[in-house]
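Undergrad: Got a file for you: target22.txt, compact mmCIF, C-alpha atoms.
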# COMPACT_ATOMS: atom_id res chain seq x y z
CA MET A 761 56.25 138.37 137.06
CA GLN A 762 59.81 137.24 137.10
CA ARG A 763 61.09 134.46 134.97
CA SER A 764 63.87 132.32 136.19
CA PHE A 765 66.14 131.06 133.47
CA GLN A 766 68.05 127.94 133.94
CA LEU A 767 71.25 127.74 131.96
CA VAL A 768 71.70 124.45 130.20
CA ARG A 769 74.96 123.55 128.55
CA THR A 770 74.33 122.09 125.10
CA TYR A 771 77.90 121.16 124.23
CA ALA A 772 80.48 118.78 125.59
CA THR A 773 83.22 120.15 127.75
CA LYS A 774 86.80 119.06 127.79
CA SER A 775 87.26 117.31 131.07
CA LYS A 776 90.57 117.81 132.84
CA THR A 777 90.20 114.52 134.70
CA THR A 778 90.27 111.11 133.15
CA ASN A 779 87.21 108.93 133.17
CA LEU A 780 87.69 106.96 136.34
CA LYS A 781 84.55 104.84 135.96
CA TYR A 782 86.11 102.30 133.65
CA LYS A 783 89.48 100.80 134.47
CA PRO A 784 91.05 98.22 132.19
CA SER A 785 91.11 94.78 133.75
CA VAL A 786 94.54 93.65 132.66
CA PRO A 787 96.14 90.85 134.66
CA VAL A 788 99.11 92.21 136.57
CA GLN A 789 101.95 90.47 138.40
CA GLN A 790 103.72 92.46 141.11
CA THR A 791 107.23 91.64 142.26
CA SER A 792 108.88 93.26 145.29
CA PHE A 793 112.64 93.60 145.39
CA SER A 794 114.89 93.64 148.46
CA ASP A 795 115.49 97.41 148.21
CA GLY A 796 111.72 98.07 148.48
CA THR A 797 110.98 98.80 144.82
CA LEU A 798 107.91 97.30 143.27
CA PHE A 799 108.02 95.92 139.73
CA ILE A 800 104.61 95.68 138.02
CA GLU A 801 104.41 93.44 134.96
CA ARG A 802 101.36 93.20 132.72
CA GLN A 803 100.38 89.69 131.78
CA PRO A 804 98.78 88.85 128.41
CA VAL A 805 94.99 88.71 128.53
CA ILE A 806 94.93 85.61 126.31
CA SER A 807 97.37 82.78 126.92
CA PRO A 808 100.08 82.43 124.24
CA GLU A 809 98.89 78.90 123.37
CA ARG A 810 95.38 80.12 122.66
CA GLN A 811 96.60 83.28 120.95
CA ALA A 812 98.54 81.21 118.41
CA THR A 813 95.39 79.34 117.37
CA ALA A 814 92.82 82.12 117.89
CA ALA A 815 93.24 84.10 114.67
CA PRO A 816 93.96 82.76 111.19
CA LEU A 817 96.71 84.22 109.07
CA ILE A 818 95.68 87.25 107.05
CA ARG A 819 97.69 86.26 104.00
CA GLN A 820 98.99 82.80 103.33
CA SER A 821 102.64 82.58 102.34
CA LYS A 822 103.19 81.40 98.79
CA GLN A 823 105.40 78.47 97.94
CA TYR A 824 107.37 79.07 94.77
CA SER A 825 109.05 76.34 92.77
CA THR A 826 112.76 76.52 92.04
CA LEU A 827 113.52 76.93 88.37
CA GLY A 828 116.32 75.20 86.51
CA GLU A 829 118.58 76.64 83.86
CA LYS A 830 116.28 75.33 81.10
CA GLU A 831 113.25 77.24 82.43
CA ILE A 832 115.29 80.40 83.00
CA ASN A 833 116.53 80.33 79.40
CA GLU A 834 112.96 79.85 78.19
CA ILE A 835 111.81 82.83 80.27
CA ARG A 836 114.56 84.99 78.78
CA GLN A 837 113.74 83.88 75.25
CA LEU A 838 110.00 84.56 75.65
CA ARG A 839 110.62 87.93 77.29
CA GLU A 840 113.03 89.06 74.55
CA SER A 841 110.84 87.81 71.69
CA ASP A 842 107.67 89.70 72.68
CA PRO A 843 107.73 91.68 75.93
CA THR A 844 104.23 93.11 75.38
CA THR A 845 102.67 89.62 75.26
CA TRP A 846 104.94 87.96 77.80
CA THR A 847 104.72 90.36 80.69
CA ARG A 848 106.24 89.67 84.07
CA SER A 849 102.89 88.67 85.55
CA LYS A 850 102.09 86.22 82.72
CA LEU A 851 105.51 84.61 82.94
CA ALA A 852 105.26 84.38 86.73
CA LYS A 853 101.92 82.57 86.46
CA LYS A 854 103.19 80.24 83.77
CA PHE A 855 106.36 79.20 85.61
CA GLY A 856 105.03 79.43 89.18
CA CYS A 857 107.41 82.07 90.51
CA SER A 858 107.19 85.71 91.59
CA GLU A 859 107.14 88.73 89.29
CA LEU A 860 110.20 90.08 91.08
CA TYR A 861 112.12 86.93 90.20
CA ILE A 862 111.11 87.28 86.52
CA GLY A 863 112.35 90.88 86.57
CA MET A 864 115.71 89.78 87.98
CA VAL A 865 116.14 86.80 85.64
CA ALA A 866 114.96 88.43 82.42
CA PRO A 867 115.18 92.23 82.60
CA LEU A 868 114.10 94.18 79.54
CA LYS A 869 116.86 95.59 77.40
CA ASN A 870 116.42 99.30 76.74
CA ASN A 871 115.84 100.13 73.11
CA THR A 872 118.25 103.01 72.36
CA VAL A 873 116.09 104.52 69.58
CA GLN A 874 113.01 104.55 71.77
CA SER A 875 114.91 105.92 74.78
CA GLU A 876 116.28 108.79 72.64
CA GLN A 877 112.74 109.63 71.53
CA VAL A 878 111.56 109.59 75.12
CA LEU A 879 114.40 111.91 76.11
CA ASP A 880 113.47 114.33 73.31
CA HIS A 881 109.77 114.57 74.08
CA GLY A 882 109.13 112.75 77.34
CA TYR A 883 107.33 109.50 77.91
CA ARG A 884 103.78 110.89 78.01
CA ARG A 885 104.23 112.94 74.84
CA GLN A 886 105.64 109.90 73.03
CA LEU A 887 102.68 107.80 74.21
CA ILE A 888 100.22 110.45 72.99
CA LYS A 889 101.94 110.48 69.57
CA GLU A 890 101.76 106.69 69.26
CA ASN A 891 98.06 106.63 70.21
CA ARG A 892 97.31 109.38 67.68
CA GLN A 893 99.05 107.40 64.92
CA LYS A 894 97.04 104.28 65.83
CA ARG A 895 93.77 106.24 65.68
CA LYS A 896 94.67 107.70 62.28
CA ALA A 897 95.42 104.21 60.97
CA LEU A 898 91.85 103.17 61.88
CA TRP A 899 90.24 105.98 59.73
Mind converting the file's structure to structure tokens?
TA:
Amino acid sequence: MQRSFQLVRTYATKSKTTNLKYKPSVPVQQTSFSDGTLFIERQPVISPERQATAAPLIRQSKQYSTLGEKEINEIRQLRESDPTTWTRSKLAKKFGCSELYIGMVAPLKNNTVQSEQVLDHGYRRQLIKENRQKRKALW
């Protein structure tokens, strides 16, 4: 008794030809020139008028208020008095401007003693030392 085996492929093959069943239906405008060349121009699927109103903006643009010299001086004074409390984000929320603007108007002055310590040990090592001292103070 002979058995006939039928080979069945159980994996997908890489086709050398493109899938010709589905062609994109993009509106096309053809223009013929006097020398016999054909210029094919794709037209937008959705009209520009409808496209402008079809999708809402992903992110609304923010309107910032312009600050006077009085507000800028107050920002500088608050930032210099206590930079840990008055961070750029807190000042930006309070005065209705961007954090970048706060950074430009009132940059932090580098403390020379602290920067020398950071150069000696590195920022992370200095931070670890400060945290250790705070924990010891809580004993």
Undergrad: Specify the axis-aligned box that encloses all atoms of range 815-823 of chain A listed in the file after padding of 6 Å on each side, stating its centre and edge lengths in Å to one decimal as AutoDock Vina command-line options.
TA:
--center_x 99.3 --center_y 82.9 --center_z 106.3 --size_x 24.2 --size_y 20.8 --size_z 28.7
Undergrad: In Å, rounded to a single decimal, give me how far CA of Glu859 in chain A is from CA of Lys830 in chain A.
TA: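 Atom-to-atom, CA of Lys830 in chain A and CA of Glu859 in chain A are spaced 18.2 Å apart.
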Undergrad: Need the shell around Ile800 in chain A: protein/DNA/RNA residues with any atom at most 9 Å away, counting only C-alpha atoms. Skip same-chain ones fewer than 3 positions apart. Format as a list in words?
TA: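 Everything that qualifies: Val788, Gln789, Gln790, Thr791 and Ser792 of chain A.
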Undergrad: With C-alpha atoms retained, could you export that selection as a PDB file, keeping the file's coordinate frame?
TA:
ATOM      1  CA  VAL A 788      99.110  92.210 136.570  1.00  0.00           C
ATOM      2  CA  GLN A 789     101.950  90.470 138.400  1.00  0.00           C
ATOM      3  CA  GLN A 790     103.720  92.460 141.110  1.00  0.00           C
ATOM      4  CA  THR A 791     107.230  91.640 142.260  1.00  0.00           C
ATOM      5  CA  SER A 792     108.880  93.260 145.290  1.00  0.00           C
TER       6      SER A 792
END
Undergrad: For Thr826 in chain A, find every residue with an atom within 12 Å (counting only C-alpha atoms), except residues of its own chain fewer than 4 positions away, and show them as a PyMOL selection string.
TA: chain A and resi 830-832+855-858+861
Undergrad: Would you compute the distance between CA of Ile806 in chain A and CA of Pro787 in chain A? Give it in Å to one decimal.
TA: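 These two atoms are separated by 9.9 Å.
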Undergrad: If I take CA of Leu898 in chain A and CA of Glu840 in chain A, how far is one from the other in Å, to one decimal?
TA: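 Computing it gives 28.4 Å between the two atoms.
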Undergrad: Near Ser785 in chain A, counting only C-alpha atoms, which residues have an atom at most 12 Å away, once you skip same-chain residues fewer than 6 positions from it, shown as an MDAnalysis selection string?
TA: chainID A and resid 802:805
